[in-house]
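Since the structure comes first, as structure tokens, the remarks are kept for the end.
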Amino acid sequence: MGLKLQQSQHQHHSVAVKVNEQTGTKRGYTFIQANRAWLPKFLLLWVMVMAFLSTWIYKKMDADIKVRRKEVLSSMCDERARMLQDQFSVSVNHVHALAILISTFHYYKNPSAIDQETFAEYTARTAFERPLLSGVAYAERVVHSERGEFEKQHGWTIKTMQREPSPVRDEYAPVILSQETVSYIESLDMMSGEEDRENILRARATGKAVLTSPFRLLGSHHLGVVLTFPVYKSKLPTRPTVEERIEATAGYLGGAFDVESLVENLLGQLAGKQAILVNVYDITNSSDHLIMYGHQNQDGDLALLYESKLDFGDPFRKHTMICRYQQKAPTSWTALTTAFLFFVICLLVGYILYGAAIHIVKVEDDFHEMQELKVRAEAADVAKSQFLATVSHEIRTPMNGILGMLALLLDTDLSSTQRDYAQTAQVCGKALIALINEVLDRAKIEAGKLEMETVPFDLRSILDDVLSLFSEKSRNKGVELAVFVSDKVPEMVMGDPGRFRQIITNLVGNSVKFTERGHIFVKVHLAENTKPVVDAKVETCLNGGSDGGVPISDAHQFKTLSGYEAADERNGWDSFKHLVSYEESRYDASINMTVPGETSQSVTLMVSVEDTGIGIPLIAQDRVFMPFMQADSSTSRNYGGTGIGLSITKCLVELMGGHISFVSRPQVGSTFTFTADFGRCKKASFNDTKKSNTEDLPSSFRGLKAIVVDRKPVRAAVTRYHLKRLGMLAEVAGSVKIAASACGKNGSSCGSKIQPDIILVEKDLWLSVEDGGLSLRMLDWKQNGHAFKLPKMVLLATNITNVELEKAKAAGFVDTVIMKPMRASMVAACLQQVLGIGNKKQAGKDVQNGSLRSLLCGKKILVVDDNMVNRRVAAGALKKFGAAVECAESGKVALKLLQIPHSFDACFMDIQMPEMDGFEATRQIRMMESQANEQMNGGGIDKGFTRKGEWHVPILAMTADVIHATYDECLKCGMDGYVSKPFEEENLYQAVTKFFKV
Amino acid sequence: MNIVNQLQRQFIDFSTSLHREGFVDDQFTQLQKLQDENSPDFVVEVVSLFFEDCEKLINNMARALEQTQGVDFKQVDASVHQLKGSSSSIGAMRVKNACIAFRSFCEAQNREGCLRCLQQVTHEYSLLKNKLQTLFTLEQQILAAGGSIPVVD
């Protein structure tokens with residue numbers, strides 16, 4: 001017990017460790033999961049990067065726009081500059097042409113062809129050619145010496161710009177010809193103005209048009225420049241020097257450019273004049289720019305300026321045009337919107353990604369949580385299994401007590417009924433122990449660790465046992481419970497009896513649970529027999545279903561066991577009859593079941609369990625085999641149960657190489673049918689195992705004859721089957737009358753086919769109309785002198801009241817009633833009582849006792865136990881069976897005694913001993929033996945006293961608690977089996993038989 | 001013969017009372033069955049072995065439990081286990097039951113409880129000893145009177 005506890009604790013511990021391991025290893029981290037703390041930071045980073053990017057985009061677009069703006073500005077500015085320049089040069093050219101005109105017509109012609117009138121006329125008419133010039137005038141070069149003559153000739157004095165008579169100078173340049181627009185400057189000395197004088201000097205020195213710096217013009221007060229051209233008296237030589245030019249100069253032609261209105265006009269002709277501001281500067285003096293056009297105040301967009309060079313044909317003067325936009329560059333909405341949209345989109349994308357990541361993290365967290373829960377659930381499952389194991393162990397301990405007591409009870413002198421009750425109790429107790437083991441197996445099934453045994457077993461007795469388990473229940477309900485095994489089914493088959501029992505128990509248990517009336521019928525036959533059955537069914541249908549001598553009193557009755565309708569019609573009498581008769585012929589032909597096909601190693605059995613219960617609702621039929629599924633929730637309320645039974649049954653059937661199916665009709669009943677493969681038993685092992693298997697049926701009934709009186713053929717067949725198992729010959733009669741007449745006839749005419757020893761009558765038949773006739777017949781018999789061989793009348797009943805019993809006695813029945821469900825052993829017990837045949841069982845037990853004696857007689861046995869009293873008792877018990885017993889009080893002493901060579905035939909070993917316990921001692925003994933064996937095999941010497949050439953002393957554990965775990969432990973350390981302490985004969989016998997085969 | 005019959009009846013009554021009062025159980029009957037011609041004194045032999053063993057163990061336990069501190073419960077437990085084993089072997093039910101209670105106190109390391117149980121075990125043991133001695137005396141008287149010992153079920 002302590003050991004067990006420790007073990008389970010250890011298991012708990014290992015489970016816990018496992019759980020930890022699982023949680024440890026299963027936590028596979030993904031990238032996202034690993035960086036979950038960084039997620040908000042990632043989002044922030046993303047947003048920042050995107051903000052930066054969109055700013056960059058904005059800047060780039062803005063810069064593009066600015067470049068374009070600048071380009072537009074420069075092209076516009078250049079265009080204006082070029083136009084201005086062109087117009088200017090056109091005007092200059094024209095003034096040039098005018099200068100040539102004057103030199104040609106004023107100087108070369110004599111007399112001059114031009115006077116003031118002509119000049120004014122001509123210039124006025126050609127003014128359109130010089131739109132830029134406000135007017136032109138011609139001034140003649142007059143040296144001081146010629147001044148008087150000149151003034152006389154023209155009739156006026158030379159005046160300065162200030163309209164005063166000119167002071168004396170070297171030279172003068174008075175205007176003699178002028179356009180009407182500038183007629184006010186006639187007679188003014190051009191040389192008196194500082195600007196003009198410089199211009200004149202420069203012009204006659206270069207011979208080209210020269211410009212003044214801008215100044216306010218006399219007439220209009222507009223800013224303007226004056227253009228001056230020299231006019232030469234004679235033709236100049238090619239490449240003239242400056243002196244030659246001065247010498248040849250005759251006068252000067254000048255024109256005033258009104259730059260302000262000029263540019264105003266020009267810009268007016270161009271598109272976009274509103275958009276840009278234009279300034280024109282004279283930059284001859286680079287430090288002081290003189291404005292020629294435009295406002296001096298700095299409005300407009302000062303950030304962007306464009307400068308275009310102007311060339312007005314005077315190399316001395318430099319001019320430039322500066323353009324700028326009127327308005328500041330507008331905010332570029334396109335760039336702003338694009339950048340902003342880009343940012344928003346990126347923000348959204350980032351948020352979506354973040355959301356996804358958060359979601360993934362959450363899902364993974366949930367997943368881990370679920371996984372943990374799953375692990376915990378699995379741990380709980382393991383704990384459940386352990387709990388089951390512990391509890392079933394705890395149940396088994398008192399169960400052993402119950403079984404032991406029953407075994408003792410059976411050894412006392414009991415009446416056969418008492419014996420049967422006690423045996424039933426014992427069998428049930430054993431079944432309970434087995435069931436507890438099966439509870440453990442459920443855990444194994446769930447883990448897929450279930451293994452099937454292959455041992456020979458008697459199918460029929462197992463079916464009897466299972467039925468007896470449910471007999472009480474079915475009897476209370478008034479449900480008939482019956483089993484029928486086809487004769488073709490071998491007596492012993494190889495398979496797993498426990499599992500087979502479990503399947504049958506489950507199915508029958510279910511049926512009992514759900515059946516309130518009618519019957520439950522278990523039928524076993526060979527699977528290959530089903531074919532002829534189906535054929536037969538067709539046949540009988542064709543024949544119109546005539547049943548021969550079976551009278552049917554109630555037209556509504558079905559030909560099933562109890563008369564109620566069954567779900568699967570194939571199980572009705574029509575097919576069943578055929579099966580029985582078919583077998584009969586085969587059976588007769590080949591006694592002892594030497595059926596063809598025995599040569600094959602396996603046999604497939606078909607088992608059907610038919611009931612007339614409530615059936616399975618159609619909607620629930622497809623989930624019958626699913627675990628924990630019952631037809632509906634009310635089922636478990638009304639009938640209890642977990643619904644796991646059928647699923648386990650299905651597993652087991654499949655493990656046995658078969659399959660399970662069912663036919664069910666609500667309110668009619670269900671029939672579960674399964675097939676299973678079993679091995680055939682070899683004849684040799686047959687006899688060996690038979691002894692150790694379940695109780696043998698007494699053979700004292702062999703050859704007795706019986707008549708079964710039953711109107712229902714299926715039930716009759718079942719009864720006959722049980723009688724047959726006892727070796728009795730049985731006939732079926734449809735009514736008492738027929739039976740009695742058969743007896744009577746046989747009695748009188750001695751050529752009897754059958755002289756019945758027993759007549760078995762169904763209760764319901766007897767209770768019907770014929771009972772009066774029956775007793776009459778019996779009386780007749782007695783009077784006719786047949787009394788010496790009067791057959792015993794036995795009643796068959798599912799349940800019976802005392803009144804009915806009295807009545808039956810009065811009618812001539814013996815006082816033993818065979819209660820259903822029938823089992824061969826119970827029938828035998830009853831018949832023993834009825835017929836007064838000696839209690840063979842007692843004899844059988846003596847035989848067993850004797851056989852134990854024969855097994856143990858003369859054997860030398862070592863008993864190892866630290867408890868002196870125990871030792872003495874065990875020794876006493878073994879001595880009683882004739883064994884020579886030696887004792888050892890500890891494992892060490894036992895080891896010494898079992899030093900090879902020794903002469904012990906077996907060793908009984910206590911498990912719990914101080915110093916060295918039974919397990920350890922056994923381990924050491926086995927080690928010792930294997931060493932000795934190796935040496936021997938190595939030396940190749942076959943010593944005479946070694947059996948089988950190998951040392952292996954059978955060691956049996958003696959233990960007070962007979963539980964699975966201990967047994968496993970026993971086997972693990974090399975023991976061969978165990979016996980319970982204190983010794984039980986049966987147990988001892990079973991354990992010992994394995995080793996001492998006679 | 002009369003005396004023998006009377007003695008036999010007395011014997012039967014006494015052993016049924018032993019069973020009824022739970023001093024011995026079926027195991028004792030089994031033990032009696034083991035006695036035959038080959039080992040005529042088997043029961044007496046085993047029972048006296050048991051008493052010797054018992055006395056020794058009780059003394060051991062009493063000594064171990066005398067210590068007010070640091071009682072070696074392991075040793076006591078081992079002794080109780082021994083006693084339980086032997087008592088169940090001869091079928092001394094009441095002693096066995098007392099041992100079961102004793103063991104649980106041992107496991108709980110309850111000295112008070114142990115002492116009480118020891119007392120009970122000692123009590124049961126001396127009762128049983130008296131009873132069995134009476135039984136054996138009866139047996140001997142029957143044998144001396146030339147009768148056979150009846151089998152009690």
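Going by the structure tokens order, chains are called A, B, ..., each with residues numbered from 1, while ligands are numbered from 1 in the order shown.
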
Would you mind listing, as an NGL selection string, all residues of chain B that have at least one atom within 7 Å of chain A, where only C-alpha atoms are what counts? :B and (34 or 46 or 49-50 or 82 or 85-86 or 89)

Residues from the last selection, N, CA and C atoms, saved as a PDB file, in the first residue's frame:
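Generated file (out19.pdb):
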ATOM      1  N   LEU B  34      -6.435 -27.345   9.177  1.00  0.00           N
ATOM      2  CA  LEU B  34      -5.103 -27.796   8.756  1.00  0.00           C
ATOM      3  C   LEU B  34      -4.545 -28.857   9.703  1.00  0.00           C
ATOM      4  N   VAL B  46       0.940 -23.103  16.587  1.00  0.00           N
ATOM      5  CA  VAL B  46       0.885 -21.813  15.900  1.00  0.00           C
ATOM      6  C   VAL B  46       0.433 -20.722  16.861  1.00  0.00           C
ATOM      7  N   LEU B  49       3.098 -19.796  19.225  1.00  0.00           N
ATOM      8  CA  LEU B  49       4.058 -18.971  18.474  1.00  0.00           C
ATOM      9  C   LEU B  49       3.568 -17.529  18.404  1.00  0.00           C
ATOM     10  N   PHE B  50       2.280 -17.434  18.097  1.00  0.00           N
ATOM     11  CA  PHE B  50       1.669 -16.122  17.938  1.00  0.00           C
ATOM     12  C   PHE B  50       1.748 -15.329  19.249  1.00  0.00           C
ATOM     13  N   GLN B  82       3.866  -6.224  11.736  1.00  0.00           N
ATOM     14  CA  GLN B  82       4.137  -7.627  12.045  1.00  0.00           C
ATOM     15  C   GLN B  82       2.950  -8.251  12.774  1.00  0.00           C
ATOM     16  N   GLY B  85       0.009  -8.751  10.621  1.00  0.00           N
ATOM     17  CA  GLY B  85       0.195  -9.900   9.732  1.00  0.00           C
ATOM     18  C   GLY B  85      -0.069 -11.192  10.470  1.00  0.00           C
ATOM     19  N   SER B  86       0.562 -11.354  11.638  1.00  0.00           N
ATOM     20  CA  SER B  86       0.391 -12.633  12.325  1.00  0.00           C
ATOM     21  C   SER B  86      -1.031 -12.803  12.818  1.00  0.00           C
ATOM     22  N   SER B  89      -3.163 -13.878  10.131  1.00  0.00           N
ATOM     23  CA  SER B  89      -2.831 -15.252   9.753  1.00  0.00           C
ATOM     24  C   SER B  89      -3.541 -16.265  10.636  1.00  0.00           C
TER      25      SER B  89
END

List as a tab-separated table (two decimals) with N, CA and C atoms, in the first residue's frame the protein and nucleic acid residues near stretch 130-138 of chain B, meaning an atom at most 10 Å away when only C-alpha atoms are counted, but skip any in the same chain fewer than 4 places from it.
chain	number	residue	atom	x	y	z
B	7	LEU	N	-19.15	-32.08	27.04
B	7	LEU	CA	-17.92	-31.31	26.75
B	7	LEU	C	-17.94	-30.80	25.31
B	8	GLN	N	-18.36	-31.72	24.41
B	8	GLN	CA	-18.39	-31.33	22.98
B	8	GLN	C	-19.32	-30.15	22.76
B	10	GLN	N	-20.24	-28.00	24.94
B	10	GLN	CA	-19.62	-26.83	25.55
B	10	GLN	C	-18.59	-26.23	24.59
B	11	PHE	N	-17.80	-27.15	23.98
B	11	PHE	CA	-16.77	-26.72	23.05
B	11	PHE	C	-17.38	-25.94	21.87
B	12	ILE	N	-18.45	-26.56	21.34
B	12	ILE	CA	-19.09	-25.92	20.19
B	12	ILE	C	-19.65	-24.55	20.58
B	14	PHE	N	-18.70	-22.66	22.93
B	14	PHE	CA	-17.64	-21.71	23.20
B	14	PHE	C	-17.03	-21.17	21.90
B	15	SER	N	-16.77	-22.12	20.98
B	15	SER	CA	-16.13	-21.60	19.76
B	15	SER	C	-17.09	-20.75	18.93
B	18	LEU	N	-16.89	-17.46	20.39
B	18	LEU	CA	-15.65	-16.79	19.96
B	18	LEU	C	-15.84	-16.14	18.59
B	23	PHE	N	-13.73	-12.61	18.27
B	23	PHE	CA	-12.34	-12.84	18.69
B	23	PHE	C	-11.56	-13.50	17.58
B	24	VAL	N	-12.19	-14.45	16.95
B	24	VAL	CA	-11.51	-15.13	15.84
B	24	VAL	C	-12.43	-15.12	14.62
B	43	VAL	N	-2.46	-26.31	15.78
B	43	VAL	CA	-3.10	-25.07	16.20
B	43	VAL	C	-2.43	-24.52	17.45
B	44	VAL	N	-2.23	-25.39	18.42
B	44	VAL	CA	-1.62	-24.97	19.67
B	44	VAL	C	-0.23	-24.39	19.39
B	47	VAL	N	-0.57	-21.04	17.65
B	47	VAL	CA	-1.12	-20.03	18.54
B	47	VAL	C	-0.08	-19.62	19.58
B	48	SER	N	0.65	-20.61	20.11
B	48	SER	CA	1.64	-20.22	21.11
B	48	SER	C	2.77	-19.41	20.46
B	124	GLU	N	-6.84	-6.73	24.19
B	124	GLU	CA	-7.41	-7.73	23.28
B	124	GLU	C	-6.59	-9.01	23.32
B	125	TYR	N	-5.30	-8.76	23.30
B	125	TYR	CA	-4.39	-9.91	23.27
B	125	TYR	C	-4.59	-10.79	24.50
B	126	SER	N	-4.68	-10.16	25.70
B	126	SER	CA	-4.80	-10.99	26.91
B	126	SER	C	-6.17	-11.67	26.96
B	142	ILE	N	-11.73	-33.00	26.21
B	142	ILE	CA	-12.49	-33.88	25.30
B	142	ILE	C	-11.63	-35.07	24.91
B	143	LEU	N	-10.41	-34.75	24.52
B	143	LEU	CA	-9.50	-35.81	24.09
B	143	LEU	C	-9.27	-36.80	25.24
B	144	ALA	N	-9.11	-36.20	26.43
B	144	ALA	CA	-8.85	-37.05	27.58
B	144	ALA	C	-10.04	-37.97	27.87
B	149	ILE	N	-12.75	-34.10	18.64
B	149	ILE	CA	-13.08	-32.66	18.63
B	149	ILE	C	-14.04	-32.37	17.49

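Of the residues listed (B:Arg111, B:Arg9, B:Arg103, B:Arg63), B:Arg103 shows the shortest atom-to-atom separation from B:Ala78; distances use only C-alpha atoms.
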
As an exercise, work out the distance from atom CA of A:Pro666 to atom CA of A:Leu561 in Å and give it to one decimal place. 18.9 Å
